[in-house]
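Report on the structure given below.
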Amino acid sequence: MSVNVKTWLKVAEKSKFPSEGGTAVKYKDTEIAVFNFGNNGDEWYAISNLCPHKKQMILSRGMIGDIKGEPKVACPYHKKQFSLTSGKCLDDSSCSSVETFPIKIEDNIVYVGVE
């Protein structure tokens with residue numbers, strides 16, 4: 001589930017993000033996890049930082065990878081895996097999805113689309 005982009009939030013320069021990892025950013029009352037898939041040809045994703053399983057803001061610290069080509073993050077505490085493209089929980093149909101956000105790179109700056 002994606003939000004309609006009303007504004008592009010300027011987050012930081014690309015160099016400020018760890019390659020193959022995530023960083024949490026705050027926008028109003030929302031924490032967003034931004035992921036840099038540096039080894040996959042500079043792919044970027046943004047999802048809610050809130051793990052729906054135990055309601056903790058931890059997804060930005062999760063392990064990223066893929067399942068059959070689907071980029072995903074695994075919650076560092078509960079190991080639930082979430083698609084970085086759709087937000088769907090990939091290994092537990094009873095677990096809620098997480099919100100996804102559009103992301104773009106312009107002039108080496110990372111932007112996240114927010115409402």
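Chain labels follow the order of the structure tokens: the first chain is A, the next B, and so on; residue numbering restarts at 1 in every chain, and ligands are counted from 1 in their shown order.
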
- Message: With only C-alpha atoms as the counted atoms, please give the residues lying no more than 9 Å from A:Asn36, apart from itself and same-chain residues fewer than 6 positions off, as a list of chain:residue names.
- Response: A:Lys14, A:Phe17, A:Pro18, A:Ser19, A:Glu20, A:Gly21, A:Gly22, A:Thr23, A:Asp42, A:Glu43, A:Trp44, A:Tyr45

- Taking the backbone alone, and naming residues the way the document does, which bits of stretch 1-110 of chain A are helix (DSSP H, G or I) by DSSP, as a PyMOL selection string? chain A and resi 14-16+38-40+59-61

With N, CA and C atoms retained, could you export that selection as a CSV table (one decimal), in the first residue's frame?
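Written output follows (selection_11.csv):
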```csv
chain,number,residue,atom,x,y,z
A,14,LYS,N,23.2,10.4,-0.8
A,14,LYS,CA,23.3,8.9,-0.9
A,14,LYS,C,24.5,8.4,0.0
A,15,SER,N,25.5,9.1,0.0
A,15,SER,CA,26.7,8.7,0.8
A,15,SER,C,26.5,8.6,2.3
A,16,LYS,N,25.4,9.1,2.8
A,16,LYS,CA,25.1,9.1,4.2
A,16,LYS,C,24.4,7.8,4.6
A,38,GLY,N,22.9,-1.4,-2.4
A,38,GLY,CA,24.1,-1.0,-3.2
A,38,GLY,C,24.6,-2.0,-4.1
A,39,ASN,N,24.6,-3.3,-3.6
A,39,ASN,CA,25.1,-4.4,-4.4
A,39,ASN,C,24.2,-4.8,-5.6
A,40,ASN,N,23.0,-4.4,-5.5
A,40,ASN,CA,22.0,-4.7,-6.6
A,40,ASN,C,21.8,-3.6,-7.6
A,59,LEU,N,12.5,-2.0,11.8
A,59,LEU,CA,12.8,-2.6,10.5
A,59,LEU,C,14.0,-2.0,9.8
A,60,SER,N,14.4,-0.8,10.1
A,60,SER,CA,15.6,-0.2,9.5
A,60,SER,C,16.8,-0.9,9.9
A,61,ARG,N,16.8,-1.6,11.0
A,61,ARG,CA,17.9,-2.4,11.5
A,61,ARG,C,17.9,-3.9,11.0
```

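Atom pair atom CA of A:Val112 / atom CA of A:Leu84 has a distance of 13.8 Å (rounded to one decimal).
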
- Query: What separation in Å, quoted to one decimal, exists between atom CA of A:Cys95 and atom CA of A:Pro71?
  - Reply: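 For atom CA of A:Cys95 relative to atom CA of A:Pro71, the distance reads 17.9 Å.
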
- Query: Between atom CA of A:Lys80 and atom CA of A:Gly113, what is the spacing in Å?
  - Reply: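 The value is 25.1 Å.
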
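Minimum atom-to-atom distances from A:Asp91, A:Glu115, A:Lys54, A:Gly62 to A:Lys28 were compared using only C-alpha atoms, and the lowest value belongs to A:Glu115.
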
- Of the candidates A:Lys26, A:Cys51, A:Ala46, A:Ser96, which shows the shortest atom-to-atom distance to A:Ala74, using only C-alpha atoms?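 Once distances to A:Ala74 are computed over only C-alpha atoms, the minimum belongs to A:Cys51.
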
- Task: Kindly indicate which residue among A:Ile105, A:Asn49, A:Ala12, A:Gly65 lies nearest to A:Thr30, using only C-alpha atoms for the distances.
- Result: A:Asn49

Quick one: residues within 12 Å of A:Tyr111, only C-alpha atoms, excluding same-chain residues fewer than 3 positions away - as a PDB file with C-alpha atoms, in the first residue's frame?
```
ATOM      1  CA  VAL A   5       2.917  11.741  -3.143  1.00  0.00           C
ATOM      2  CA  THR A   7       5.623  16.236  -1.317  1.00  0.00           C
ATOM      3  CA  TRP A   8       9.098  14.823  -1.712  1.00  0.00           C
ATOM      4  CA  LEU A   9      10.923  14.773   1.614  1.00  0.00           C
ATOM      5  CA  LYS A  10      14.630  15.515   1.142  1.00  0.00           C
ATOM      6  CA  VAL A  11      16.332  12.940   3.359  1.00  0.00           C
ATOM      7  CA  ALA A  12      20.113  13.058   2.802  1.00  0.00           C
ATOM      8  CA  GLU A  13      22.926  12.506   0.339  1.00  0.00           C
ATOM      9  CA  LYS A  14      23.294   8.917  -0.885  1.00  0.00           C
ATOM     10  CA  VAL A  25      14.175   8.867   9.210  1.00  0.00           C
ATOM     11  CA  TYR A  27       8.649  12.690   9.122  1.00  0.00           C
ATOM     12  CA  ILE A  32      10.385   5.569   7.632  1.00  0.00           C
ATOM     13  CA  VAL A  34      15.141   3.768   3.904  1.00  0.00           C
ATOM     14  CA  PHE A  35      17.159   0.911   2.392  1.00  0.00           C
ATOM     15  CA  TRP A  44      16.482   2.104  -3.042  1.00  0.00           C
ATOM     16  CA  TYR A  45      13.341   1.307  -1.032  1.00  0.00           C
ATOM     17  CA  ALA A  46      11.336   2.973   1.730  1.00  0.00           C
ATOM     18  CA  PHE A 101       6.782   4.888   0.204  1.00  0.00           C
ATOM     19  CA  PRO A 102       8.003   5.977  -3.226  1.00  0.00           C
ATOM     20  CA  ILE A 103      11.638   6.940  -3.362  1.00  0.00           C
ATOM     21  CA  LYS A 104      13.758   8.812  -5.880  1.00  0.00           C
ATOM     22  CA  ILE A 105      17.345   9.938  -6.264  1.00  0.00           C
ATOM     23  CA  GLU A 106      18.163  13.307  -7.810  1.00  0.00           C
ATOM     24  CA  ASP A 107      21.658  14.799  -7.894  1.00  0.00           C
ATOM     25  CA  ASN A 108      22.841  12.171  -5.366  1.00  0.00           C
ATOM     26  CA  VAL A 114       5.049  11.414   1.612  1.00  0.00           C
TER      27      VAL A 114
END
```

- Message: Please return, as a PyMOL selection string, all residues of chain A that DSSP assigns to strand (DSSP E or B) on the basis of the backbone.
- Response: chain A and resi 2+7-13+21-27+30-37+43-48+50-51+56-57+63-67+70-74+81-83+89+100-101+103-106+109-114

- Which neighbours of A:Val73 fall inside 6 Å, counting only C-alpha atoms, when residues of the same chain fewer than 3 positions from it are skipped, and could you give them as a list in words? Gly62, Met63, Ile64, Gln81 and Phe82 of chain A

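Distances from A:Ser83, A:Leu90, A:Lys68, A:Val110 to A:Ser48 were compared using only C-alpha atoms, and the smallest one belongs to A:Ser83.
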